[in-house]
$ cat protein-v6.txt   # compact mmCIF, C-alpha atoms
# COMPACT_ATOMS: atom_id res chain seq x y z
CA MET M 9 12.01 -1.84 -2.51
CA ALA M 10 13.69 -1.47 0.85
CA ARG M 11 14.81 -3.42 3.84
CA ASP M 12 13.46 -1.27 6.66
CA ILE M 13 12.07 2.16 7.46
CA SER M 14 14.77 3.60 9.68
CA GLY M 15 14.70 7.35 9.76
CA SER M 16 11.14 7.72 8.57
CA GLY M 17 9.74 9.08 11.79
CA ALA M 18 6.28 8.38 10.44
CA GLU M 19 5.35 5.44 12.62
CA SER M 20 5.20 5.44 16.39
CA ARG M 21 8.08 3.71 18.12
CA ASP M 22 5.59 1.94 20.37
CA VAL M 23 2.76 0.97 18.02
CA ILE M 24 2.84 -1.63 15.25
CA ASP M 25 0.54 -0.41 12.49
CA VAL M 26 -0.84 -3.38 10.55
CA THR M 27 -3.22 -1.32 8.40
CA VAL M 28 -0.58 -0.15 5.89
CA PRO M 29 2.28 -2.04 4.23
CA HIS M 30 5.58 -1.97 6.07
CA SER M 31 8.81 -2.24 4.10
CA ALA M 32 10.68 -4.33 6.69
CA ARG M 33 7.82 -6.86 6.75
CA ILE M 34 7.55 -6.90 2.95
CA TRP M 35 11.29 -7.48 2.71
CA ASN M 36 10.87 -10.32 5.21
CA TYR M 37 8.09 -11.77 3.03
CA TRP M 38 10.21 -11.60 -0.13
CA LEU M 39 13.04 -13.41 1.66
CA GLY M 40 10.69 -16.21 2.75
CA GLY M 41 10.16 -15.08 6.34
CA LYS M 42 7.00 -15.32 8.41
CA ASP M 43 7.12 -11.98 10.25
CA ASN M 44 4.60 -10.18 8.05
CA TYR M 45 0.88 -9.50 7.75
CA GLU M 46 -1.70 -9.85 4.99
CA VAL M 47 -1.35 -6.17 4.04
CA ASP M 48 2.38 -6.71 3.55
CA ARG M 49 1.90 -9.84 1.47
CA GLN M 50 -0.62 -8.06 -0.73
CA ALA M 51 1.75 -5.15 -1.31
CA GLY M 52 4.63 -7.53 -1.90
CA ASP M 53 2.64 -9.56 -4.41
CA GLU M 54 1.52 -6.41 -6.24
CA TYR M 55 5.14 -5.29 -6.48
CA ILE M 56 6.06 -8.72 -7.89
CA ARG M 57 3.22 -8.50 -10.40
CA VAL M 58 4.66 -5.30 -11.86
CA SER M 59 8.33 -6.17 -11.34
CA PRO M 60 8.83 -9.96 -11.04
CA ASN M 61 12.56 -9.60 -10.38
CA VAL M 62 12.13 -7.89 -7.01
CA VAL M 63 12.58 -11.14 -5.05
CA ASP M 64 15.89 -11.62 -6.86
CA VAL M 65 16.78 -8.04 -5.93
CA ALA M 66 16.07 -8.74 -2.26
CA ARG M 67 18.22 -11.86 -2.35
CA ALA M 68 20.97 -10.01 -4.22
CA SER M 69 21.08 -7.30 -1.58
CA ARG M 70 21.24 -9.87 1.22
CA GLY M 71 23.95 -11.82 -0.61
CA PHE M 72 26.01 -8.67 -1.07
CA LEU M 73 25.68 -7.86 2.62
CA VAL M 74 26.92 -11.31 3.60
CA ARG M 75 29.87 -11.28 1.18
CA SER M 76 30.92 -7.77 2.13
CA ILE M 77 30.98 -8.68 5.82
CA ARG M 78 33.00 -11.80 5.06
CA TYR M 79 35.47 -9.62 3.18
CA LEU M 80 35.66 -7.06 5.98
CA VAL M 81 36.25 -9.67 8.67
CA GLY M 82 38.28 -12.22 6.75
CA GLU M 83 40.45 -9.96 4.58
CA ALA M 84 40.33 -6.46 6.03
CA GLY M 85 40.48 -7.57 9.67
CA VAL M 86 37.49 -5.54 10.87
CA ARG M 87 36.07 -6.69 14.20
CA GLN M 88 33.40 -4.05 14.84
CA PHE M 89 30.23 -3.24 12.91
CA LEU M 90 27.56 -0.56 13.06
CA ASP M 91 24.57 -1.87 11.09
CA VAL M 92 22.10 1.00 10.62
CA GLY M 93 18.66 -0.08 9.44
CA THR M 94 18.67 -3.60 10.78
CA GLY M 95 15.29 -4.69 9.50
CA LEU M 96 13.73 -7.91 10.69
CA PRO M 97 16.19 -10.70 11.50
CA THR M 98 16.59 -13.30 8.76
CA ALA M 99 19.23 -15.90 7.97
CA GLN M 100 22.88 -14.80 8.05
CA ASN M 101 22.53 -11.59 10.01
CA THR M 102 25.56 -9.34 10.39
CA HIS M 103 26.66 -10.72 13.77
CA GLU M 104 26.21 -14.33 12.64
CA VAL M 105 28.41 -13.84 9.59
CA ALA M 106 31.08 -11.83 11.42
CA GLN M 107 31.25 -13.95 14.56
CA ALA M 108 31.37 -17.19 12.57
CA ILE M 109 34.78 -15.98 11.32
CA ALA M 110 35.90 -13.98 14.37
CA PRO M 111 33.87 -14.77 17.51
CA GLU M 112 35.23 -11.67 19.25
CA SER M 113 33.49 -9.36 16.76
CA ARG M 114 31.26 -6.64 18.21
CA ILE M 115 28.07 -5.58 16.41
CA VAL M 116 25.61 -2.78 17.09
CA TYR M 117 22.30 -2.88 15.23
CA VAL M 118 20.27 0.30 14.76
CA ASP M 119 16.58 0.63 13.93
CA HIS M 120 13.58 2.37 15.47
CA ASP M 121 10.64 0.19 14.55
CA PRO M 122 8.90 -1.57 17.49
CA LEU M 123 8.49 -4.87 15.64
CA VAL M 124 12.16 -4.93 14.70
CA LEU M 125 13.08 -4.03 18.26
CA ALA M 126 11.10 -6.94 19.70
CA HIS M 127 12.59 -9.47 17.29
CA ALA M 128 16.11 -8.11 17.60
CA ARG M 129 16.13 -8.44 21.36
CA ALA M 130 14.83 -11.99 21.14
CA LEU M 131 16.89 -13.31 18.24
CA LEU M 132 20.06 -11.26 17.75
CA VAL M 133 22.16 -13.05 20.34
CA GLY M 134 25.87 -13.27 19.65
CA THR M 135 28.88 -15.11 21.01
CA GLU M 136 30.20 -14.88 24.56
CA GLU M 137 33.56 -13.68 23.21
CA GLY M 138 32.05 -10.78 21.30
CA ALA M 139 29.12 -8.41 21.75
CA THR M 140 25.79 -7.87 20.04
CA ASP M 141 23.68 -4.87 20.92
CA TYR M 142 20.62 -3.09 19.55
CA ILE M 143 19.90 0.61 19.84
CA ASP M 144 16.63 2.37 19.12
CA ALA M 145 17.47 5.40 16.99
CA GLU M 146 16.49 7.00 13.69
CA LEU M 147 18.64 7.26 10.59
CA ARG M 148 18.18 11.03 10.56
CA GLU M 149 19.73 11.23 14.04
CA PRO M 150 23.35 10.26 13.34
CA GLY M 151 24.54 12.01 16.50
CA ALA M 152 22.23 9.90 18.66
CA ILE M 153 23.30 6.74 16.82
CA LEU M 154 26.96 7.47 17.40
CA ALA M 155 26.52 8.43 21.05
CA GLN M 156 24.75 5.18 21.86
CA ALA M 157 27.06 3.03 19.71
CA GLU M 158 30.07 4.25 21.70
CA LYS M 159 28.79 2.22 24.65
CA THR M 160 29.58 -0.99 22.76
CA LEU M 161 32.06 -0.11 20.02
CA ASP M 162 35.60 1.25 20.39
CA PHE M 163 35.78 4.29 18.12
CA GLY M 164 39.56 4.20 18.34
CA ARG M 165 39.59 1.04 16.21
CA PRO M 166 38.23 0.43 12.68
CA ILE M 167 34.48 -0.03 12.34
CA GLY M 168 32.47 -1.39 9.44
CA LEU M 169 29.47 0.86 8.75
CA ILE M 170 26.62 -1.10 7.14
CA LEU M 171 23.89 0.75 5.23
CA SER M 172 21.97 -1.95 3.36
CA GLY M 173 18.87 -0.95 1.44
CA ILE M 174 18.19 2.04 3.65
CA MET M 175 19.36 5.34 2.15
CA GLY M 176 16.50 5.33 -0.35
CA HIS M 177 14.23 6.22 2.58
CA VAL M 178 15.85 9.67 2.56
CA ALA M 179 14.39 11.20 -0.58
CA ASP M 180 16.68 14.21 -0.77
CA LEU M 181 20.04 13.04 -2.12
CA GLN M 182 22.04 15.80 -0.46
CA GLU M 183 20.47 15.04 2.91
CA ALA M 184 21.19 11.34 2.43
CA ARG M 185 24.82 12.03 1.58
CA ALA M 186 25.15 14.35 4.57
CA ILE M 187 23.92 11.59 6.90
CA VAL M 188 26.48 9.15 5.50
CA ARG M 189 29.26 11.74 5.81
CA ARG M 190 28.30 12.48 9.42
CA LEU M 191 28.49 8.81 10.33
CA LEU M 192 31.80 8.32 8.52
CA GLU M 193 33.37 11.42 10.08
CA ALA M 194 33.08 9.81 13.51
CA LEU M 195 34.92 6.65 12.44
CA PRO M 196 38.71 6.22 12.61
CA SER M 197 41.03 5.69 9.65
CA GLY M 198 40.85 2.13 8.39
CA SER M 199 37.09 1.91 8.85
CA TYR M 200 34.87 0.78 5.99
CA LEU M 201 31.49 1.57 4.44
CA SER M 202 29.36 -1.23 2.97
CA LEU M 203 26.36 0.29 1.22
CA ASN M 204 23.82 -0.92 -1.31
CA ASP M 205 20.52 0.48 -2.54
CA GLY M 206 17.87 0.02 -5.20
CA THR M 207 17.94 1.21 -8.81
CA SER M 208 15.78 0.87 -11.92
CA THR M 209 18.71 0.46 -14.27
CA VAL M 210 18.50 -3.24 -15.07
CA HIS M 211 14.69 -3.54 -15.33
CA ALA M 212 12.85 -0.31 -16.11
CA GLU M 213 9.54 -1.63 -14.75
CA VAL M 214 10.97 -1.48 -11.24
CA GLN M 215 10.28 2.25 -11.22
CA ASP M 216 6.58 1.69 -11.96
CA ALA M 217 6.36 -0.88 -9.16
CA GLN M 218 8.12 1.48 -6.77
CA ASP M 219 5.84 4.38 -7.69
CA GLN M 220 2.78 2.24 -6.94
CA TYR M 221 4.30 1.10 -3.66
CA ASN M 222 5.09 4.67 -2.63
CA GLU M 223 1.42 5.58 -3.17
CA SER M 224 0.17 2.72 -0.96
CA GLY M 225 0.55 4.62 2.30
CA ALA M 226 3.81 2.91 3.17
CA ILE M 227 6.98 4.88 3.82
CA PRO M 228 8.30 5.91 0.38
CA TYR M 229 11.60 4.67 -0.98
CA THR M 230 13.57 6.47 -3.69
CA LEU M 231 15.36 4.48 -6.38
CA ARG M 232 18.69 6.01 -7.37
CA THR M 233 21.08 5.68 -10.28
CA PRO M 234 24.29 3.68 -9.89
CA GLU M 235 26.19 6.97 -10.16
CA GLU M 236 24.22 8.46 -7.27
CA ILE M 237 24.90 5.37 -5.16
CA ALA M 238 28.59 5.58 -6.04
CA GLY M 239 28.57 9.17 -4.77
CA PHE M 240 28.11 7.93 -1.21
CA PHE M 241 31.69 6.63 -1.45
CA ASP M 242 33.29 9.97 -2.34
CA GLY M 243 36.57 10.33 -0.47
CA LEU M 244 36.88 6.61 0.26
CA GLU M 245 39.27 4.07 -1.21
CA ILE M 246 36.97 1.82 -3.24
CA VAL M 247 37.47 -1.91 -2.93
CA GLU M 248 37.48 -3.81 -6.22
CA PRO M 249 35.35 -4.31 -8.27
CA GLY M 250 33.89 -0.95 -7.30
CA VAL M 251 30.21 0.00 -7.09
CA VAL M 252 28.42 -2.59 -9.20
CA SER M 253 25.20 -4.57 -9.35
CA CYS M 254 25.20 -6.59 -6.13
CA PRO M 255 25.44 -10.09 -7.66
CA LEU M 256 28.61 -8.97 -9.46
CA TRP M 257 30.40 -7.86 -6.30
CA ARG M 258 32.87 -10.65 -5.47
CA PRO M 259 30.49 -13.53 -6.19
CA ASP M 260 31.16 -16.77 -4.34
CA THR M 261 33.70 -18.89 -6.18
CA GLY M 262 31.54 -22.00 -5.83
CA GLN M 263 28.48 -20.34 -7.37
CA VAL M 264 26.92 -22.25 -10.25
CA GLY M 265 26.37 -20.23 -13.40
CA THR M 266 27.11 -16.59 -14.20
CA PRO M 267 25.66 -13.99 -11.80
CA GLU M 268 23.00 -11.84 -13.43
CA PRO M 269 22.77 -8.10 -12.69
CA GLN M 270 19.85 -7.00 -10.50
CA ASP M 271 18.48 -3.62 -9.50
CA ALA M 272 20.54 -3.35 -6.34
CA PHE M 273 23.93 -1.68 -6.63
CA GLY M 274 26.53 -1.52 -3.91
CA GLY M 275 30.17 -1.37 -2.97
CA VAL M 276 32.68 -1.24 -0.17
CA GLY M 277 35.02 1.65 0.57
CA ARG M 278 37.85 2.20 3.05
CA LEU M 279 38.22 5.41 5.05
CA PRO M 280 41.80 6.68 4.54
$ encode --input "protein-v6.txt" --output "structure tokens"
Amino acid sequence: MARDISGSGAESRDVIDVTVPHSARIWNYWLGGKDNYEVDRQAGDEYIRVSPNVVDVARASRGFLVRSIRYLVGEAGVRQFLDVGTGLPTAQNTHEVAQAIAPESRIVYVDHDPLVLAHARALLVGTEEGATDYIDAELREPGAILAQAEKTLDFGRPIGLILSGIMGHVADLQEARAIVRRLLEALPSGSYLSLNDGTSTVHAEVQDAQDQYNESGAIPYTLRTPEEIAGFFDGLEIVEPGVVSCPLWRPDTGQVGTPEPQDAFGGVGRLP
């Protein structure tokens, strides 16, 4: 269960391997996209067989991303975003959501997969008033990410750091937290972190599905507890309602019915 494979370092930056499942393509399949191969659809269907709620999880993560960006632009006044682990473009990408509210918004996407790179360059086109850029870098290279992002973003002004469904690709929790801290340390006061990742808290069978997926030859993804996900926000001022199941984070007021918890937890925090 993951949106992309940033930071894996296991697949060539120049070669698209269609012989093993690819998490960005599976995520695209679950969200109804067409940028996937038979091996991805098979892996995605097998995951669904064991854990039928995974499509709802994918949608919940995407919905959280969209609502958190709307909050950051519309209420917090953020006009710059660093989206690490872009994944394949779908509906309501970061720049589309931000620039629909504030056309002058500047967005830098980060990934290192060749398929994502090709699609990003073709489809992630923003407004004339703002800026939309894509950089080829790995999650485990925060210094390289920051150095390249400075060409587009003003690090003297608040930046929204987006880490959506990506930190599970770093199996070691301390290493994952260190990467997040390194990225946040470069941002000025008033910046924000929007982060969500997968759990097995709501539906226990998710762990079985994830274990099978991790044995398929694809890049593994580690499910974490809500408490571990909340730990990424240590030192930040947490925006209400805190780190919660994604559908419960500021659900749209016009939504029909009561949001149901899913195995994606996330939150938004402000850098003091």
$ residues_near_point --input "protein-v6.txt" --point "(11.0, -15.8, 1.4)" --cutoff "12 Å" --atoms "all atoms listed in the file" --output "PyMOL selection string"
chain M and resi 33-44+49+52-53+62-64+66-67+70+98-99
$ atom_distance --input "protein-v6.txt" --atom1 "CA of Leu171 in chain M" --atom2 "CA of Ser69 in chain M"
10.9 Å
$ closest_residue --input "protein-v6.txt" --among "M:Gln100, M:Ser208, M:Ser31, M:Ser202" --to "Glu245 in chain M" --atoms "all atoms listed in the file"
M:Ser202
$ closest_residue --input "protein-v6.txt" --among "M:Gly277, M:Pro166, M:Gly243, M:Pro269" --to "Leu201 in chain M" --atoms "all atoms listed in the file"
M:Gly277
$ closest_residue --input "protein-v6.txt" --among "M:Glu236, M:Asp144, M:Asp119, M:Glu193" --to "Ile167 in chain M" --atoms "only C-alpha atoms"
M:Glu193
$ atom_distance --input "protein-v6.txt" --atom1 "CA of Glu54 in chain M" --atom2 "CA of Gln215 in chain M"
13.3 Å
$ residues_near_point --input "protein-v6.txt" --point "(24.2, 7.8, 16.8)" --cutoff "10 Å" --atoms "all atoms listed in the file" --output "list in words"
Leu90, Val92, Val118, Ile143, Asp144, Ala145, Glu146, Leu147, Arg148, Glu149, Pro150, Gly151, Ala152, Ile153, Leu154, Ala155, Gln156, Ala157, Glu158, Arg190, Leu191 and Ala194 of chain M
